[in-house]
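Asks: The following file, start_29.cif, comprises mmCIF, C-alpha atoms:
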```cif
data_protein
#
loop_
_atom_site.group_PDB
_atom_site.id
_atom_site.type_symbol
_atom_site.label_atom_id
_atom_site.label_comp_id
_atom_site.auth_asym_id
_atom_site.auth_seq_id
_atom_site.Cartn_x
_atom_site.Cartn_y
_atom_site.Cartn_z
ATOM 1 C CA MET A 1 98.562 56.062 3.046
ATOM 2 C CA ALA A 2 96.375 54.864 5.829
ATOM 3 C CA ASP A 3 97.450 51.350 4.946
ATOM 4 C CA GLU A 4 101.083 52.375 5.115
ATOM 5 C CA LEU A 5 100.536 54.042 8.464
ATOM 6 C CA ASP A 6 98.968 50.927 9.888
ATOM 7 C CA THR A 7 101.837 48.715 8.763
ATOM 8 C CA THR A 8 104.475 50.981 10.299
ATOM 9 C CA THR A 9 102.564 51.139 13.517
ATOM 10 C CA ALA A 10 102.076 47.422 13.495
ATOM 11 C CA ALA A 11 105.719 46.857 12.670
ATOM 12 C CA SER A 12 106.896 49.087 15.480
ATOM 13 C CA ALA A 13 104.580 47.356 17.930
ATOM 14 C CA THR A 14 106.261 43.997 17.480
ATOM 15 C CA PRO A 15 108.879 43.370 20.105
ATOM 16 C CA ALA A 16 112.510 43.404 19.114
ATOM 17 C CA PRO A 17 114.414 40.201 19.464
ATOM 18 C CA PRO A 18 116.078 39.936 22.892
ATOM 19 C CA ALA A 19 119.645 41.133 23.063
ATOM 20 C CA THR A 20 122.138 38.480 23.922
ATOM 21 C CA THR A 21 123.602 39.051 27.398
ATOM 22 C CA ALA A 22 126.719 37.401 28.750
ATOM 23 C CA VAL A 23 125.982 34.963 31.536
ATOM 24 C CA ARG A 24 127.874 35.941 34.697
ATOM 25 C CA PRO A 25 129.487 33.211 36.678
ATOM 26 C CA PRO A 26 128.076 32.988 40.209
ATOM 27 C CA ARG A 27 129.949 35.090 42.784
ATOM 28 C CA ARG A 28 130.652 32.472 45.386
ATOM 29 C CA TRP A 29 133.369 34.551 47.121
ATOM 30 C CA VAL A 30 131.171 37.561 48.057
ATOM 31 C CA TRP A 31 129.556 36.211 51.239
ATOM 32 C CA PRO A 32 132.724 34.589 52.637
ATOM 33 C CA ALA A 33 134.563 37.856 51.967
ATOM 34 C CA ILE A 34 131.901 39.809 53.872
ATOM 35 C CA VAL A 35 132.098 37.389 56.831
ATOM 36 C CA LEU A 36 135.910 37.504 56.891
ATOM 37 C CA GLY A 37 135.856 41.306 56.629
ATOM 38 C CA LEU A 38 133.485 41.570 59.596
ATOM 39 C CA LEU A 39 135.624 39.188 61.658
ATOM 40 C CA ALA A 40 138.807 41.107 60.801
ATOM 41 C CA SER A 41 137.212 44.445 61.719
ATOM 42 C CA HIS A 42 135.987 42.953 65.020
ATOM 43 C CA VAL A 43 139.489 41.676 65.895
ATOM 44 C CA THR A 44 140.995 45.063 64.966
ATOM 45 C CA LEU A 45 138.472 46.886 67.149
ATOM 46 C CA CYS A 46 139.130 44.573 70.134
ATOM 47 C CA VAL A 47 142.908 44.947 69.876
ATOM 48 C CA SER A 48 142.549 48.740 69.617
ATOM 49 C CA VAL A 49 140.329 48.919 72.711
ATOM 50 C CA MET A 50 142.746 46.707 74.694
ATOM 51 C CA ALA A 51 145.688 48.899 73.684
ATOM 52 C CA ILE A 52 143.859 52.060 74.745
ATOM 53 C CA ALA A 53 142.736 50.530 78.056
ATOM 54 C CA ASN A 54 146.238 49.284 78.927
ATOM 55 C CA SER A 55 147.948 52.548 78.038
ATOM 56 C CA ASP A 56 146.017 54.555 80.644
ATOM 57 C CA PRO A 57 148.448 55.246 83.533
ATOM 58 C CA SER A 58 145.652 55.909 86.020
ATOM 59 C CA VAL A 59 144.505 52.285 85.933
ATOM 60 C CA ALA A 60 145.930 50.177 88.736
ATOM 61 C CA ILE A 61 145.681 46.457 89.225
ATOM 62 C CA VAL A 62 146.302 44.991 92.655
ATOM 63 C CA ASP A 63 149.350 42.729 92.473
ATOM 64 C CA ASP A 64 148.630 39.100 93.356
ATOM 65 C CA TYR A 65 145.037 39.922 94.244
ATOM 66 C CA HIS A 66 144.024 36.260 94.141
ATOM 67 C CA ASP A 67 146.809 35.274 96.524
ATOM 68 C CA LYS A 68 145.877 38.166 98.810
ATOM 69 C CA ALA A 69 142.265 37.028 98.799
ATOM 70 C CA LEU A 70 143.310 33.490 99.707
ATOM 71 C CA HIS A 71 145.387 34.825 102.633
ATOM 72 C CA TRP A 72 142.880 37.422 103.846
ATOM 73 C CA ASP A 73 142.683 35.831 107.299
ATOM 74 C CA ASP A 74 146.473 36.074 107.662
ATOM 75 C CA HIS A 75 146.331 39.747 106.688
ATOM 76 C CA MET A 76 143.603 40.470 109.226
ATOM 77 C CA ALA A 77 145.598 38.666 111.939
ATOM 78 C CA GLU A 78 148.572 40.896 111.081
ATOM 79 C CA VAL A 79 146.347 43.985 111.329
ATOM 80 C CA ARG A 80 145.124 42.842 114.774
ATOM 81 C CA ARG A 81 148.708 42.179 115.966
ATOM 82 C CA SER A 82 149.732 45.602 114.703
ATOM 83 C CA ALA A 83 146.819 47.283 116.478
ATOM 84 C CA ALA A 84 147.630 45.367 119.691
ATOM 85 C CA LEU A 85 151.104 46.964 119.717
ATOM 86 C CA GLY A 86 149.462 50.366 120.129
ATOM 87 C CA TRP A 87 152.039 52.039 117.892
ATOM 88 C CA SER A 88 151.141 55.083 115.836
ATOM 89 C CA ALA A 89 152.685 56.751 112.821
ATOM 90 C CA GLU A 90 152.521 60.313 111.590
ATOM 91 C CA ALA A 91 153.953 61.358 108.227
ATOM 92 C CA THR A 92 154.777 64.766 106.800
ATOM 93 C CA VAL A 93 156.315 65.913 103.530
ATOM 94 C CA GLY A 94 158.591 68.951 103.576
ATOM 95 C CA ASP A 95 158.054 71.949 101.311
ATOM 96 C CA THR A 96 161.683 72.387 100.255
ATOM 97 C CA ARG A 97 163.106 70.388 97.378
ATOM 98 C CA ASP A 98 166.634 69.103 96.892
ATOM 99 C CA ALA A 99 168.700 69.366 93.683
ATOM 100 C CA LEU A 100 166.803 66.388 92.200
ATOM 101 C CA SER A 101 163.429 68.019 92.988
ATOM 102 C CA ARG A 102 162.734 65.565 95.816
ATOM 103 C CA ARG A 103 161.051 66.441 99.089
ATOM 104 C CA THR A 104 161.821 64.910 102.465
ATOM 105 C CA LEU A 105 159.265 62.429 103.781
ATOM 106 C CA THR A 106 159.425 62.328 107.572
ATOM 107 C CA LEU A 107 157.748 59.594 109.605
ATOM 108 C CA THR A 108 157.384 59.719 113.377
ATOM 109 C CA LEU A 109 156.734 56.436 115.201
ATOM 110 C CA ARG A 110 155.421 56.312 118.764
ATOM 111 C CA ASP A 111 154.378 53.495 121.062
ATOM 112 C CA ALA A 112 151.144 53.272 123.088
ATOM 113 C CA SER A 113 152.518 55.550 125.827
ATOM 114 C CA GLY A 114 153.660 58.180 123.296
ATOM 115 C CA ALA A 115 157.358 57.336 123.628
ATOM 116 C CA PRO A 116 159.378 57.397 120.400
ATOM 117 C CA ILE A 117 160.157 54.051 118.777
ATOM 118 C CA GLU A 118 163.873 53.884 118.055
ATOM 119 C CA HIS A 119 166.034 51.353 116.202
ATOM 120 C CA ALA A 120 163.269 50.163 113.901
ATOM 121 C CA ALA A 121 163.658 49.055 110.289
ATOM 122 C CA VAL A 122 161.124 51.152 108.420
ATOM 123 C CA GLU A 123 159.999 50.594 104.834
ATOM 124 C CA ALA A 124 157.174 52.184 102.914
ATOM 125 C CA VAL A 125 155.421 52.132 99.581
ATOM 126 C CA ALA A 126 154.197 55.529 98.383
ATOM 127 C CA PHE A 127 151.992 56.381 95.434
ATOM 128 C CA ALA A 128 149.714 59.132 94.240
ATOM 129 C CA ASP A 129 146.121 57.923 94.244
ATOM 130 C CA VAL A 130 145.673 59.213 90.705
ATOM 131 C CA ARG A 131 148.603 57.069 89.464
ATOM 132 C CA ALA A 132 148.408 54.062 91.771
ATOM 133 C CA ASN A 133 150.475 51.900 89.423
ATOM 134 C CA ASP A 134 153.506 54.212 89.794
ATOM 135 C CA ARG A 135 154.708 53.030 93.196
ATOM 136 C CA LEU A 136 157.820 54.161 95.023
ATOM 137 C CA THR A 137 159.442 51.657 97.383
ATOM 138 C CA LEU A 138 161.221 53.521 100.172
ATOM 139 C CA THR A 139 163.598 52.595 102.985
ATOM 140 C CA LEU A 140 163.440 55.234 105.710
ATOM 141 C CA HIS A 141 166.509 55.986 107.807
ATOM 142 C CA ALA A 142 166.646 57.102 111.428
ATOM 143 C CA THR A 143 167.368 60.792 111.976
ATOM 144 C CA SER A 144 169.031 62.425 114.967
ATOM 145 C CA ASP A 145 165.595 62.885 116.563
ATOM 146 C CA PRO A 146 164.360 59.814 118.465
ATOM 147 C CA GLY A 147 161.564 57.931 116.700
ATOM 148 C CA VAL A 148 161.865 60.032 113.531
ATOM 149 C CA TYR A 149 162.708 58.431 110.190
ATOM 150 C CA ALA A 150 163.187 60.177 106.849
ATOM 151 C CA VAL A 151 163.800 59.580 103.156
ATOM 152 C CA PRO A 152 163.831 61.740 100.008
ATOM 153 C CA LEU A 153 160.508 61.368 98.168
ATOM 154 C CA ASP A 154 160.206 61.992 94.447
ATOM 155 C CA ALA A 155 156.696 63.429 94.736
ATOM 156 C CA ARG A 156 156.387 65.482 91.573
ATOM 157 C CA ARG A 157 152.628 65.040 91.391
ATOM 158 C CA ALA A 158 150.528 67.112 93.761
ATOM 159 C CA GLY A 159 147.434 65.603 95.291
ATOM 160 C CA LEU A 160 146.424 62.788 97.594
ATOM 161 C CA TRP A 161 149.107 60.149 98.207
ATOM 162 C CA GLU A 162 148.946 56.856 100.053
ATOM 163 C CA LEU A 163 151.818 55.696 102.238
ATOM 164 C CA ARG A 164 151.875 52.039 103.314
ATOM 165 C CA VAL A 165 154.323 51.716 106.195
ATOM 166 C CA THR A 166 155.955 48.617 107.672
ATOM 167 C CA ALA A 167 158.119 49.070 110.786
ATOM 168 C CA ARG A 168 159.978 46.182 112.423
ATOM 169 C CA ARG A 169 161.750 46.214 115.766
ATOM 170 C CA GLY A 170 162.777 42.885 117.204
ATOM 171 C CA ALA A 171 159.839 40.495 116.958
ATOM 172 C CA ASP A 172 157.309 43.340 116.605
ATOM 173 C CA THR A 173 155.941 44.316 113.210
ATOM 174 C CA PHE A 174 153.739 47.367 112.750
ATOM 175 C CA THR A 175 151.854 48.072 109.526
ATOM 176 C CA THR A 176 149.652 51.004 108.692
ATOM 177 C CA SER A 177 148.397 52.973 105.748
ATOM 178 C CA LEU A 178 148.452 56.786 105.813
ATOM 179 C CA GLN A 179 146.963 59.398 103.517
ATOM 180 C CA LEU A 180 149.096 62.422 102.648
ATOM 181 C CA SER A 181 148.075 65.599 100.885
ATOM 182 C CA ILE A 182 151.017 66.901 98.876
ATOM 183 C CA ASN A 183 150.919 70.355 97.331
#
```
Kindly transcribe the structure held in the file into structure tokens.

Replies:
Amino acid sequence: MADELDTTTAASATPAPPATTAVRPPRRWVWPAIVLGLLASHVTLCVSVMAIANSDPSVAIVDDYHDKALHWDDHMAEVRRSAALGWSAEATVGDTRDALSRRTLTLTLRDASGAPIEHAAVEAVAFADVRANDRLTLTLHATSDPGVYAVPLDARRAGLWELRVTARRGADTFTTSLQLSIN
């Protein structure tokens, strides 16, 4: 019995023949697929970020900023000519609204001596600082009061507004930028 025990133990101690395994073909497509997947996810992320950044209405880009930079000296000469005129502008926005929910923007122009400036062609660009890309181009019309010009303003957004005024009378051109607080 001891001899039988030894033979069974010895027989079980011998290794079994190796099982036959199927040889896998090399996966040559795995690494290119990973690289292409990373590139595709990067492109998707960039396009998503650009779409989000461009859909924000509070972002404003200065139109023709490069051209304005190239003509900065001309702009400063215009500012000096405008200051030499001695004209001043004062703007107010009325509290009452018309049927289209617009308020009246009133602009008073005066010369260096305080006399009203009549018969001027007055234009303005108005925008809320918080939505500087939403600009309103306005042509103001003379009222019955001397030196006073007015236009309906679609100012539905309360807050700080900028008004860029250009007034022309004869050969004189006056430009200024005013800040308005609209409630």

Asks: How many Å lie between atom CA of Arg102 of chain A and atom CA of Arg156 of chain A, rounded to one decimal?

Replies: 7.6 Å

Asks: Under the PyMOL selection byres ((chain A and resi 83) around 12), which residues of this model are included? Write them out as a ChimeraX atom specification.

Replies: /A:76-82,84-89,111-112,172-176

Asks: I'd like the residues picked by the PyMOL selection byres ((chain A and resi 51-67) around 9) written out as an MDAnalysis selection string, using the chain letters and numbers from the file.

Replies: chainID A and resid 46:50 68:72 129:134

Asks: I'd like the residues picked by the PyMOL selection byres ((chain A and resi 103) around 12) written out as a list of chain:residue names, using the chain letters and numbers from the file.

Replies: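 Written out, the selection comes to A:Thr92, A:Val93, A:Gly94, A:Asp95, A:Thr96, A:Arg97, A:Asp98, A:Ala99, A:Leu100, A:Ser101, A:Arg102, A:Thr104, A:Leu105, A:Thr106, A:Ala150, A:Val151, A:Pro152, A:Leu153, A:Asp154, A:Ala155, A:Arg156, A:Arg157, A:Ala158, A:Ile182, A:Asn183.
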
Asks: Determine the nearest neighbour of Ser144 of chain A from the options A:Glu162, A:Glu123, A:Asp74, A:Glu118, counting only C-alpha atoms.

Replies: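 Among A:Glu162, A:Glu123, A:Asp74, A:Glu118, it is A:Glu118 that comes nearest to Ser144 of chain A.
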
Asks: I need every residue sitting at most 12 Å from the point (164.3, 64.8, 119.2) (coordinates as in the file, all atoms listed in the file considered), written as a PDB file with C-alpha atoms, keeping the file's coordinate frame.

Replies:
```
ATOM      1  CA  THR A 108     157.384  59.719 113.377  1.00  0.00           C
ATOM      2  CA  LEU A 109     156.734  56.436 115.201  1.00  0.00           C
ATOM      3  CA  ALA A 115     157.358  57.336 123.628  1.00  0.00           C
ATOM      4  CA  PRO A 116     159.378  57.397 120.400  1.00  0.00           C
ATOM      5  CA  ILE A 117     160.157  54.051 118.777  1.00  0.00           C
ATOM      6  CA  GLU A 118     163.873  53.884 118.055  1.00  0.00           C
ATOM      7  CA  ALA A 142     166.646  57.102 111.428  1.00  0.00           C
ATOM      8  CA  THR A 143     167.368  60.792 111.976  1.00  0.00           C
ATOM      9  CA  SER A 144     169.031  62.425 114.967  1.00  0.00           C
ATOM     10  CA  ASP A 145     165.595  62.885 116.563  1.00  0.00           C
ATOM     11  CA  PRO A 146     164.360  59.814 118.465  1.00  0.00           C
ATOM     12  CA  GLY A 147     161.564  57.931 116.700  1.00  0.00           C
ATOM     13  CA  VAL A 148     161.865  60.032 113.531  1.00  0.00           C
ATOM     14  CA  TYR A 149     162.708  58.431 110.190  1.00  0.00           C
TER      15      TYR A 149
END
```

Asks: Quick one: 3 Å padding each side, axis-aligned, all listed atoms of segment 140-153 of chain A - centre and edge lengths in Å to one decimal, as JSON?

Replies:
```
{"center_x": 164.8, "center_y": 59.1, "center_z": 108.3, "size_x": 14.5, "size_y": 13.7, "size_z": 26.3}
```

Asks: Work out how far atom CA of Leu180 of chain A is from atom CA of Leu160 of chain A, in Å to one decimal.

Replies: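 Atom-to-atom, atom CA of Leu160 of chain A to atom CA of Leu180 of chain A, that is 5.7 Å.
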
Asks: Which is closer to Ala167 of chain A than all the others in A:Ala128, A:Leu136, A:Ile34, A:Ala121, using only C-alpha atoms?

Replies: A:Ala121

Asks: Quick one: pull the distance between atom CA of Ala120 of chain A and atom CA of Gly170 of chain A, Å, one decimal.

Replies: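 For atom CA of Ala120 of chain A relative to atom CA of Gly170 of chain A, the distance reads 8.0 Å.
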
Asks: In terms of the shortest atom-to-atom distance over only C-alpha atoms, which of A:Arg164, A:Val43, A:Leu38, A:His75 is closest to Leu178 of chain A?

Replies: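 Among the listed residues, A:Arg164 lies closest to Leu178 of chain A.
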